[in-house]
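Colleague: Pasting run-v8.cif below, which is mmCIF, N, CA, C and O atoms.
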data_final
#
loop_
_atom_site.label_atom_id
_atom_site.label_comp_id
_atom_site.auth_asym_id
_atom_site.auth_seq_id
_atom_site.Cartn_x
_atom_site.Cartn_y
_atom_site.Cartn_z
N PRO A 18 4.35 41.35 1.46
CA PRO A 18 3.81 40.17 0.75
C PRO A 18 3.07 39.24 1.72
O PRO A 18 3.46 39.13 2.89
N THR A 19 2.04 38.60 1.24
CA THR A 19 1.31 37.67 2.09
C THR A 19 1.96 36.29 2.04
O THR A 19 2.57 35.92 1.03
N THR A 20 1.85 35.57 3.13
CA THR A 20 2.40 34.22 3.16
C THR A 20 1.30 33.22 2.83
O THR A 20 0.14 33.45 3.17
N PRO A 21 1.65 32.12 2.17
CA PRO A 21 0.61 31.13 1.84
C PRO A 21 0.11 30.47 3.12
O PRO A 21 0.83 30.39 4.11
N PRO A 22 -1.13 29.98 3.10
CA PRO A 22 -1.63 29.30 4.30
C PRO A 22 -0.84 28.02 4.55
O PRO A 22 -0.32 27.40 3.61
N PRO A 23 -0.71 27.62 5.81
CA PRO A 23 0.04 26.39 6.09
C PRO A 23 -0.67 25.17 5.52
O PRO A 23 -1.90 25.13 5.45
N THR A 24 0.11 24.20 5.11
CA THR A 24 -0.50 22.96 4.61
C THR A 24 -0.90 22.11 5.80
O THR A 24 -0.30 22.17 6.87
N SER A 25 -1.92 21.31 5.61
CA SER A 25 -2.42 20.48 6.71
C SER A 25 -1.50 19.28 6.91
O SER A 25 -0.54 19.07 6.18
N GLY A 26 -1.86 18.45 7.87
CA GLY A 26 -0.94 17.44 8.38
C GLY A 26 -0.66 16.24 7.51
O GLY A 26 -0.10 15.29 8.01
N GLY A 27 -1.03 16.25 6.26
CA GLY A 27 -0.67 15.12 5.42
C GLY A 27 -1.72 14.04 5.42
O GLY A 27 -2.91 14.33 5.33
N CYS A 28 -1.29 12.79 5.51
CA CYS A 28 -2.23 11.68 5.39
C CYS A 28 -1.78 10.51 6.25
O CYS A 28 -0.64 10.43 6.69
N THR A 29 -2.73 9.62 6.47
CA THR A 29 -2.48 8.41 7.25
C THR A 29 -2.92 7.21 6.43
O THR A 29 -4.02 7.23 5.85
N ALA A 30 -2.09 6.18 6.38
CA ALA A 30 -2.42 4.94 5.68
C ALA A 30 -2.58 3.84 6.72
O ALA A 30 -1.69 3.63 7.55
N THR A 31 -3.72 3.15 6.69
CA THR A 31 -4.03 2.11 7.67
C THR A 31 -4.21 0.78 6.96
O THR A 31 -5.02 0.67 6.03
N TYR A 32 -3.47 -0.24 7.41
CA TYR A 32 -3.53 -1.57 6.81
C TYR A 32 -4.62 -2.40 7.47
O TYR A 32 -4.79 -2.36 8.69
N SER A 33 -5.36 -3.15 6.66
CA SER A 33 -6.36 -4.09 7.15
C SER A 33 -6.08 -5.45 6.55
O SER A 33 -5.89 -5.59 5.33
N GLU A 34 -6.07 -6.45 7.42
CA GLU A 34 -5.82 -7.82 6.96
C GLU A 34 -7.02 -8.34 6.18
O GLU A 34 -8.17 -8.04 6.51
N GLY A 35 -6.74 -9.08 5.12
CA GLY A 35 -7.79 -9.66 4.30
C GLY A 35 -7.75 -11.18 4.36
O GLY A 35 -7.31 -11.76 5.35
N GLN A 36 -8.19 -11.79 3.27
CA GLN A 36 -8.22 -13.25 3.21
C GLN A 36 -6.81 -13.82 3.25
O GLN A 36 -5.85 -13.20 2.78
N LYS A 37 -6.70 -15.04 3.79
CA LYS A 37 -5.41 -15.75 3.83
C LYS A 37 -5.55 -17.11 3.18
O LYS A 37 -6.59 -17.76 3.31
N TRP A 38 -4.53 -17.51 2.47
CA TRP A 38 -4.42 -18.86 1.91
C TRP A 38 -3.08 -19.43 2.33
O TRP A 38 -2.27 -18.73 2.95
N SER A 39 -2.80 -20.65 1.94
CA SER A 39 -1.56 -21.29 2.39
C SER A 39 -0.31 -20.59 1.85
O SER A 39 0.74 -20.59 2.49
N ASP A 40 -0.42 -19.98 0.66
CA ASP A 40 0.76 -19.42 0.00
C ASP A 40 0.73 -17.91 -0.15
O ASP A 40 1.68 -17.31 -0.62
N ARG A 41 -0.39 -17.25 0.21
CA ARG A 41 -0.53 -15.82 -0.03
C ARG A 41 -1.58 -15.24 0.90
O ARG A 41 -2.34 -15.98 1.52
N PHE A 42 -1.61 -13.92 0.96
CA PHE A 42 -2.67 -13.26 1.72
C PHE A 42 -2.99 -11.91 1.10
O PHE A 42 -2.17 -11.32 0.40
N ASN A 43 -4.21 -11.45 1.36
CA ASN A 43 -4.67 -10.17 0.86
C ASN A 43 -4.59 -9.13 1.97
O ASN A 43 -4.76 -9.46 3.15
N GLY A 44 -4.38 -7.89 1.57
CA GLY A 44 -4.45 -6.78 2.49
C GLY A 44 -5.04 -5.58 1.79
O GLY A 44 -5.02 -5.51 0.56
N SER A 45 -5.61 -4.67 2.57
CA SER A 45 -6.10 -3.43 2.00
C SER A 45 -5.59 -2.27 2.83
O SER A 45 -5.28 -2.42 4.01
N VAL A 46 -5.48 -1.13 2.18
CA VAL A 46 -4.98 0.08 2.82
C VAL A 46 -6.02 1.18 2.61
O VAL A 46 -6.48 1.40 1.48
N THR A 47 -6.39 1.84 3.70
CA THR A 47 -7.31 2.97 3.65
C THR A 47 -6.53 4.23 3.99
O THR A 47 -5.79 4.27 4.98
N VAL A 48 -6.68 5.25 3.15
CA VAL A 48 -5.96 6.51 3.32
C VAL A 48 -6.94 7.57 3.82
O VAL A 48 -8.03 7.72 3.27
N THR A 49 -6.54 8.30 4.86
CA THR A 49 -7.33 9.41 5.36
C THR A 49 -6.46 10.66 5.35
O THR A 49 -5.24 10.59 5.44
N GLY A 50 -7.12 11.81 5.23
CA GLY A 50 -6.42 13.09 5.30
C GLY A 50 -6.29 13.81 3.98
O GLY A 50 -6.08 15.02 3.95
N THR A 51 -6.38 13.09 2.87
CA THR A 51 -6.27 13.70 1.55
C THR A 51 -6.85 12.75 0.51
O THR A 51 -6.93 11.54 0.74
N ASN A 52 -7.26 13.31 -0.63
CA ASN A 52 -7.65 12.49 -1.78
C ASN A 52 -6.53 12.41 -2.81
O ASN A 52 -6.66 11.73 -3.81
N ASN A 53 -5.44 13.10 -2.56
CA ASN A 53 -4.30 13.15 -3.47
C ASN A 53 -3.10 12.57 -2.74
O ASN A 53 -2.25 13.29 -2.24
N TRP A 54 -3.04 11.22 -2.65
CA TRP A 54 -2.08 10.55 -1.80
C TRP A 54 -1.09 9.72 -2.60
O TRP A 54 -1.34 9.35 -3.75
N ILE A 55 0.04 9.47 -1.96
CA ILE A 55 1.04 8.53 -2.48
C ILE A 55 1.43 7.65 -1.30
O ILE A 55 1.93 8.15 -0.28
N VAL A 56 1.16 6.36 -1.42
CA VAL A 56 1.47 5.42 -0.34
C VAL A 56 2.58 4.49 -0.81
O VAL A 56 2.50 3.91 -1.90
N THR A 57 3.60 4.34 0.02
CA THR A 57 4.68 3.40 -0.25
C THR A 57 4.45 2.16 0.60
O THR A 57 4.26 2.26 1.82
N VAL A 58 4.43 1.01 -0.06
CA VAL A 58 4.22 -0.28 0.59
C VAL A 58 5.51 -1.09 0.44
O VAL A 58 5.95 -1.34 -0.68
N THR A 59 6.12 -1.46 1.56
CA THR A 59 7.38 -2.19 1.53
C THR A 59 7.18 -3.59 2.10
O THR A 59 6.73 -3.72 3.25
N VAL A 60 7.50 -4.61 1.32
CA VAL A 60 7.42 -5.99 1.80
C VAL A 60 8.82 -6.51 2.08
O VAL A 60 9.82 -5.98 1.57
N THR A 61 8.86 -7.53 2.93
CA THR A 61 10.13 -8.13 3.33
C THR A 61 10.35 -9.41 2.54
O THR A 61 9.50 -10.30 2.58
N PRO A 62 11.47 -9.55 1.82
CA PRO A 62 11.73 -10.79 1.08
C PRO A 62 11.66 -11.98 2.04
O PRO A 62 12.05 -11.84 3.20
N PRO A 63 11.14 -13.13 1.59
CA PRO A 63 10.82 -13.47 0.19
C PRO A 63 9.44 -13.03 -0.28
O PRO A 63 8.98 -13.49 -1.31
N GLN A 64 8.77 -12.16 0.45
CA GLN A 64 7.45 -11.71 0.03
C GLN A 64 7.52 -10.98 -1.31
O GLN A 64 8.49 -10.29 -1.59
N LYS A 65 6.44 -11.13 -2.09
CA LYS A 65 6.28 -10.38 -3.32
C LYS A 65 4.81 -9.99 -3.46
O LYS A 65 3.93 -10.80 -3.15
N ILE A 66 4.56 -8.78 -3.92
CA ILE A 66 3.20 -8.37 -4.24
C ILE A 66 2.89 -8.88 -5.64
O ILE A 66 3.59 -8.56 -6.59
N ILE A 67 1.85 -9.73 -5.72
CA ILE A 67 1.57 -10.39 -7.00
C ILE A 67 0.30 -9.87 -7.67
O ILE A 67 0.04 -10.24 -8.82
N ALA A 68 -0.48 -9.05 -6.98
CA ALA A 68 -1.68 -8.47 -7.59
C ALA A 68 -2.05 -7.21 -6.82
O ALA A 68 -1.75 -7.10 -5.62
N THR A 69 -2.66 -6.25 -7.52
CA THR A 69 -3.12 -5.02 -6.88
C THR A 69 -4.47 -4.64 -7.46
O THR A 69 -4.83 -5.10 -8.56
N TRP A 70 -5.21 -3.82 -6.74
CA TRP A 70 -6.47 -3.30 -7.25
C TRP A 70 -6.78 -1.95 -6.62
O TRP A 70 -6.28 -1.62 -5.56
N SER A 71 -7.57 -1.17 -7.34
CA SER A 71 -8.09 0.14 -6.89
C SER A 71 -7.00 1.18 -6.68
O SER A 71 -7.12 2.06 -5.82
N GLY A 72 -5.93 1.09 -7.47
CA GLY A 72 -4.87 2.09 -7.43
C GLY A 72 -3.94 1.90 -8.61
O GLY A 72 -4.07 0.93 -9.36
N THR A 73 -3.01 2.83 -8.76
CA THR A 73 -2.03 2.76 -9.84
C THR A 73 -0.65 2.52 -9.23
O THR A 73 -0.09 3.42 -8.59
N PRO A 74 -0.09 1.29 -9.36
CA PRO A 74 1.18 0.99 -8.72
C PRO A 74 2.38 1.28 -9.61
O PRO A 74 2.29 1.27 -10.83
N SER A 75 3.50 1.56 -8.96
CA SER A 75 4.80 1.55 -9.62
C SER A 75 5.77 0.87 -8.67
O SER A 75 5.48 0.73 -7.47
N TRP A 76 6.92 0.44 -9.17
CA TRP A 76 7.81 -0.42 -8.41
C TRP A 76 9.23 0.11 -8.44
O TRP A 76 9.66 0.69 -9.44
N ASP A 77 9.98 -0.15 -7.37
CA ASP A 77 11.41 0.15 -7.42
C ASP A 77 12.14 -1.03 -8.06
O ASP A 77 11.53 -2.04 -8.41
N SER A 78 13.44 -0.91 -8.21
CA SER A 78 14.20 -1.94 -8.93
C SER A 78 14.25 -3.26 -8.17
O SER A 78 14.41 -4.31 -8.78
N SER A 79 14.09 -3.25 -6.85
CA SER A 79 14.15 -4.48 -6.07
C SER A 79 12.86 -5.28 -6.18
O SER A 79 12.85 -6.48 -5.92
N GLY A 80 11.76 -4.62 -6.51
CA GLY A 80 10.46 -5.28 -6.52
C GLY A 80 9.84 -5.41 -5.15
O GLY A 80 8.75 -5.96 -5.01
N ASN A 81 10.52 -4.92 -4.12
CA ASN A 81 10.01 -5.02 -2.75
C ASN A 81 9.28 -3.76 -2.30
O ASN A 81 8.63 -3.77 -1.26
N VAL A 82 9.40 -2.67 -3.06
CA VAL A 82 8.80 -1.40 -2.69
C VAL A 82 7.83 -0.98 -3.79
O VAL A 82 8.24 -0.75 -4.93
N MET A 83 6.55 -0.91 -3.43
CA MET A 83 5.52 -0.48 -4.36
C MET A 83 5.04 0.91 -3.95
O MET A 83 4.78 1.15 -2.77
N THR A 84 4.92 1.79 -4.92
CA THR A 84 4.35 3.11 -4.69
C THR A 84 2.99 3.14 -5.36
O THR A 84 2.88 2.90 -6.56
N MET A 85 1.95 3.39 -4.55
CA MET A 85 0.57 3.36 -5.06
C MET A 85 0.01 4.78 -5.07
O MET A 85 0.19 5.53 -4.10
N ARG A 86 -0.65 5.11 -6.18
CA ARG A 86 -1.32 6.40 -6.32
C ARG A 86 -2.79 6.15 -6.63
O ARG A 86 -3.15 5.11 -7.18
N PRO A 87 -3.66 7.13 -6.31
CA PRO A 87 -5.09 6.93 -6.59
C PRO A 87 -5.37 6.85 -8.09
O PRO A 87 -4.68 7.46 -8.90
N ASN A 88 -6.39 6.05 -8.43
CA ASN A 88 -6.78 5.92 -9.84
C ASN A 88 -8.25 6.27 -10.05
O ASN A 88 -8.83 5.89 -11.06
N GLY A 89 -8.83 6.99 -9.09
CA GLY A 89 -10.23 7.35 -9.21
C GLY A 89 -11.18 6.40 -8.52
O GLY A 89 -12.40 6.60 -8.56
N SER A 90 -10.65 5.36 -7.89
CA SER A 90 -11.49 4.36 -7.22
C SER A 90 -11.68 4.65 -5.74
O SER A 90 -12.12 3.78 -4.99
N GLY A 91 -11.30 5.85 -5.29
CA GLY A 91 -11.46 6.18 -3.89
C GLY A 91 -10.15 6.09 -3.13
O GLY A 91 -9.08 6.03 -3.73
N ASN A 92 -10.26 6.05 -1.81
CA ASN A 92 -9.07 6.12 -0.96
C ASN A 92 -8.74 4.80 -0.27
O ASN A 92 -8.10 4.79 0.78
N THR A 93 -9.19 3.69 -0.87
CA THR A 93 -8.81 2.37 -0.37
C THR A 93 -8.29 1.56 -1.55
O THR A 93 -8.90 1.56 -2.62
N PHE A 94 -7.15 0.91 -1.36
CA PHE A 94 -6.62 0.01 -2.39
C PHE A 94 -6.20 -1.29 -1.73
O PHE A 94 -6.10 -1.39 -0.51
N GLY A 95 -5.97 -2.30 -2.57
CA GLY A 95 -5.61 -3.60 -2.02
C GLY A 95 -4.55 -4.28 -2.84
O GLY A 95 -4.19 -3.84 -3.94
N PHE A 96 -4.05 -5.39 -2.26
CA PHE A 96 -3.02 -6.15 -2.94
C PHE A 96 -2.96 -7.55 -2.37
O PHE A 96 -3.46 -7.82 -1.27
N THR A 97 -2.35 -8.46 -3.14
CA THR A 97 -2.11 -9.83 -2.72
C THR A 97 -0.61 -10.03 -2.58
O THR A 97 0.15 -9.66 -3.49
N ILE A 98 -0.19 -10.60 -1.45
CA ILE A 98 1.23 -10.86 -1.19
C ILE A 98 1.46 -12.36 -1.20
O ILE A 98 0.79 -13.11 -0.48
N SER A 99 2.38 -12.80 -2.04
CA SER A 99 2.91 -14.17 -1.96
C SER A 99 3.95 -14.15 -0.85
O SER A 99 4.95 -13.45 -0.95
N HIS A 100 3.70 -14.89 0.25
CA HIS A 100 4.48 -14.64 1.47
C HIS A 100 5.75 -15.46 1.60
O HIS A 100 6.66 -15.06 2.33
N GLY A 101 5.87 -16.60 0.94
CA GLY A 101 7.11 -17.38 1.02
C GLY A 101 7.49 -17.77 2.44
O GLY A 101 8.67 -17.96 2.74
N GLY A 102 6.50 -17.89 3.32
CA GLY A 102 6.77 -18.26 4.71
C GLY A 102 6.85 -17.08 5.67
O GLY A 102 6.94 -17.26 6.87
N ASN A 103 6.83 -15.85 5.13
CA ASN A 103 6.89 -14.65 5.97
C ASN A 103 5.49 -14.03 5.98
O ASN A 103 5.06 -13.44 5.00
N TRP A 104 4.81 -14.14 7.14
CA TRP A 104 3.44 -13.65 7.26
C TRP A 104 3.36 -12.22 7.78
O TRP A 104 2.29 -11.73 8.10
N SER A 105 4.49 -11.53 7.90
CA SER A 105 4.46 -10.18 8.47
C SER A 105 3.76 -9.20 7.54
O SER A 105 3.79 -9.35 6.31
N TRP A 106 3.13 -8.21 8.13
CA TRP A 106 2.45 -7.19 7.35
C TRP A 106 3.45 -6.25 6.71
O TRP A 106 4.55 -6.04 7.24
N PRO A 107 3.10 -5.63 5.60
CA PRO A 107 4.02 -4.68 4.95
C PRO A 107 4.11 -3.38 5.75
O PRO A 107 3.23 -3.04 6.53
N ALA A 108 5.20 -2.66 5.52
CA ALA A 108 5.37 -1.33 6.11
C ALA A 108 4.76 -0.31 5.18
O ALA A 108 4.88 -0.41 3.94
N LEU A 109 4.11 0.71 5.75
CA LEU A 109 3.42 1.73 4.96
C LEU A 109 3.92 3.11 5.31
O LEU A 109 4.16 3.39 6.49
N THR A 110 4.06 3.95 4.31
CA THR A 110 4.24 5.38 4.54
C THR A 110 3.30 6.11 3.60
O THR A 110 2.99 5.62 2.51
N CYS A 111 2.83 7.26 4.03
CA CYS A 111 1.88 8.04 3.24
C CYS A 111 2.37 9.48 3.13
O CYS A 111 2.88 10.03 4.11
N ARG A 112 2.22 10.03 1.94
CA ARG A 112 2.49 11.45 1.77
C ARG A 112 1.47 12.03 0.81
O ARG A 112 0.87 11.30 0.01
N VAL A 113 1.27 13.32 0.90
CA VAL A 113 0.33 13.99 0.00
C VAL A 113 1.00 14.17 -1.35
O VAL A 113 2.16 14.59 -1.45
N GLY A 114 0.27 13.80 -2.40
CA GLY A 114 0.80 13.91 -3.74
C GLY A 114 0.63 15.31 -4.25
O GLY A 114 1.07 15.72 -5.27
#
Represent the structure contained in this file as structure tokens.
Modeller:
Amino acid sequence: PTTPPPTSGGCTATYSEGQKWSDRFNGSVTVTGTNNWIVTVTVTPPQKIIATWSGTPSWDSSGNVMTMRPNGSGNTFGFTISHGGNWSWPALTCRVG
């Protein structure tokens, strides 16, 4: 029997800082390596993601972990974080969907 070809190395998600205001900030994530990606975005309380664009989000029960999938808008998506005094960037993980 023949063995299937090995799968390639997955994907990389890169965060870019966006606009900042006194109570919130924007960020965008660019994915490379695949067009079929799943990116997990984890914020640290009291941060909350209050808006998203260019992707299809879902949330865990805590509201601190967002899973974003492509929605046909390409391989970059964005979001707005209400920071509550915590200006740290979110943690990202990427996997091939």
Colleague: Could you check which of A:Asn52, A:Thr29, A:Thr59, A:Ser75 is closest to A:Pro107, using only C-alpha atoms?
Modeller: A:Thr59
Colleague: By how many Å are atom O of A:Asp77 and atom O of A:Trp38 apart?
Modeller: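 Atom-to-atom, atom O of A:Asp77 and atom O of A:Trp38 are spaced 24.5 Å apart.
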Colleague: Kindly give the distance, in Å, that separates atom CA of A:Ser45 and atom CA of A:Gln64, rounded to a single decimal.
Modeller: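 Atom CA of A:Gln64 lies 16.0 Å from atom CA of A:Ser45.
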Colleague: Using atom C of A:Ile55 and atom C of A:Ala30 as the two end points, give the distance in Å to one decimal.
Modeller: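 Straight-line distance from atom C of A:Ile55 to atom C of A:Ala30 works out to 9.7 Å.
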Colleague: Skipping near chain neighbours, those fewer than 6 positions away, what residues fall within 7 Å of A:Arg41 using only C-alpha atoms, listed as a ChimeraX atom specification?
Modeller: /A:97-100
Colleague: Would you kindly translate the PyMOL selection byres ((chain A and resi 111-114) around 4.5) into the concrete residues it picks from this file, as a list in words?
Modeller: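 Checking the PyMOL selection byres ((chain A and resi 111-114) around 4.5) against this file, the residues are Cys28, Asn53, Trp54, Ile55, Val56, Leu109 and Thr110 of chain A.
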Colleague: Given the selection you just returned, output its residues as a file containing N, CA, C and O atoms, formatted as a compact mmCIF listing (two decimals), in the coordinates of the input.
Modeller:
# COMPACT_ATOMS: atom_id res chain seq x y z
N CYS A 28 -1.29 12.79 5.51
CA CYS A 28 -2.23 11.68 5.39
C CYS A 28 -1.78 10.51 6.25
O CYS A 28 -0.64 10.43 6.69
N ASN A 53 -5.44 13.10 -2.56
CA ASN A 53 -4.30 13.15 -3.47
C ASN A 53 -3.10 12.57 -2.74
O ASN A 53 -2.25 13.29 -2.24
N TRP A 54 -3.04 11.22 -2.65
CA TRP A 54 -2.08 10.55 -1.80
C TRP A 54 -1.09 9.72 -2.60
O TRP A 54 -1.34 9.35 -3.75
N ILE A 55 0.04 9.47 -1.96
CA ILE A 55 1.04 8.53 -2.48
C ILE A 55 1.43 7.65 -1.30
O ILE A 55 1.93 8.15 -0.28
N VAL A 56 1.16 6.36 -1.42
CA VAL A 56 1.47 5.42 -0.34
C VAL A 56 2.58 4.49 -0.81
O VAL A 56 2.50 3.91 -1.90
N LEU A 109 4.11 0.71 5.75
CA LEU A 109 3.42 1.73 4.96
C LEU A 109 3.92 3.11 5.31
O LEU A 109 4.16 3.39 6.49
N THR A 110 4.06 3.95 4.31
CA THR A 110 4.24 5.38 4.54
C THR A 110 3.30 6.11 3.60
O THR A 110 2.99 5.62 2.51
Colleague: In the coordinate frame of the file, compute which residues have an atom within 8 Å of (-4.6, 1.2, 1.1) when using all atoms listed in the file, and state them as a VMD selection string.
Modeller: chain A and resid 29 to 33 44 to 48 56 70 to 71 92 to 96
Colleague: Convert the current residue selection to file output with N, CA, C and O atoms, as a compact mmCIF listing (two decimals), in the frame of the given file.
Modeller:
# COMPACT_ATOMS: atom_id res chain seq x y z
N THR A 29 -2.73 9.62 6.47
CA THR A 29 -2.48 8.41 7.25
C THR A 29 -2.92 7.21 6.43
O THR A 29 -4.02 7.23 5.85
N ALA A 30 -2.09 6.18 6.38
CA ALA A 30 -2.42 4.94 5.68
C ALA A 30 -2.58 3.84 6.72
O ALA A 30 -1.69 3.63 7.55
N THR A 31 -3.72 3.15 6.69
CA THR A 31 -4.03 2.11 7.67
C THR A 31 -4.21 0.78 6.96
O THR A 31 -5.02 0.67 6.03
N TYR A 32 -3.47 -0.24 7.41
CA TYR A 32 -3.53 -1.57 6.81
C TYR A 32 -4.62 -2.40 7.47
O TYR A 32 -4.79 -2.36 8.69
N SER A 33 -5.36 -3.15 6.66
CA SER A 33 -6.36 -4.09 7.15
C SER A 33 -6.08 -5.45 6.55
O SER A 33 -5.89 -5.59 5.33
N GLY A 44 -4.38 -7.89 1.57
CA GLY A 44 -4.45 -6.78 2.49
C GLY A 44 -5.04 -5.58 1.79
O GLY A 44 -5.02 -5.51 0.56
N SER A 45 -5.61 -4.67 2.57
CA SER A 45 -6.10 -3.43 2.00
C SER A 45 -5.59 -2.27 2.83
O SER A 45 -5.28 -2.42 4.01
N VAL A 46 -5.48 -1.13 2.18
CA VAL A 46 -4.98 0.08 2.82
C VAL A 46 -6.02 1.18 2.61
O VAL A 46 -6.48 1.40 1.48
N THR A 47 -6.39 1.84 3.70
CA THR A 47 -7.31 2.97 3.65
C THR A 47 -6.53 4.23 3.99
O THR A 47 -5.79 4.27 4.98
N VAL A 48 -6.68 5.25 3.15
CA VAL A 48 -5.96 6.51 3.32
C VAL A 48 -6.94 7.57 3.82
O VAL A 48 -8.03 7.72 3.27
N VAL A 56 1.16 6.36 -1.42
CA VAL A 56 1.47 5.42 -0.34
C VAL A 56 2.58 4.49 -0.81
O VAL A 56 2.50 3.91 -1.90
N TRP A 70 -5.21 -3.82 -6.74
CA TRP A 70 -6.47 -3.30 -7.25
C TRP A 70 -6.78 -1.95 -6.62
O TRP A 70 -6.28 -1.62 -5.56
N SER A 71 -7.57 -1.17 -7.34
CA SER A 71 -8.09 0.14 -6.89
C SER A 71 -7.00 1.18 -6.68
O SER A 71 -7.12 2.06 -5.82
N ASN A 92 -10.26 6.05 -1.81
CA ASN A 92 -9.07 6.12 -0.96
C ASN A 92 -8.74 4.80 -0.27
O ASN A 92 -8.10 4.79 0.78
N THR A 93 -9.19 3.69 -0.87
CA THR A 93 -8.81 2.37 -0.37
C THR A 93 -8.29 1.56 -1.55
O THR A 93 -8.90 1.56 -2.62
N PHE A 94 -7.15 0.91 -1.36
CA PHE A 94 -6.62 0.01 -2.39
C PHE A 94 -6.20 -1.29 -1.73
O PHE A 94 -6.10 -1.39 -0.51
N GLY A 95 -5.97 -2.30 -2.57
CA GLY A 95 -5.61 -3.60 -2.02
C GLY A 95 -4.55 -4.28 -2.84
O GLY A 95 -4.19 -3.84 -3.94
N PHE A 96 -4.05 -5.39 -2.26
CA PHE A 96 -3.02 -6.15 -2.94
C PHE A 96 -2.96 -7.55 -2.37
O PHE A 96 -3.46 -7.82 -1.27
Colleague: Excluding A:Thr73 and residues on its chain fewer than 2 positions from it, collect all residues at most 6 Å away from it, counting only N, CA, C and O atoms, and give them as JSON, numbers by chain.
Modeller: {"A": [71, 75, 84, 85, 86, 87, 88]}
Colleague: Find the residue from A:Phe42, A:Gly89, A:Ser79, A:Lys37 that sits nearest to A:Ile67; use only N, CA, C and O atoms when measuring.
Modeller: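 Smallest separation from A:Ile67 among the options: A:Phe42.
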Colleague: I need the strand (DSSP E) residues of chain A per DSSP on the backbone, written as a VMD selection string.
Modeller: chain A and resid 29 to 37 41 to 49 54 to 59 65 to 70 73 to 76 82 to 86 93 to 99 108 to 113
Colleague: Which residues, named as in the file, does the PyMOL selection byres ((chain A and resi 102) around 7) pick out? Answer as a ChimeraX atom specification.
Modeller: /A:39-40,63-64,99-101,103-105
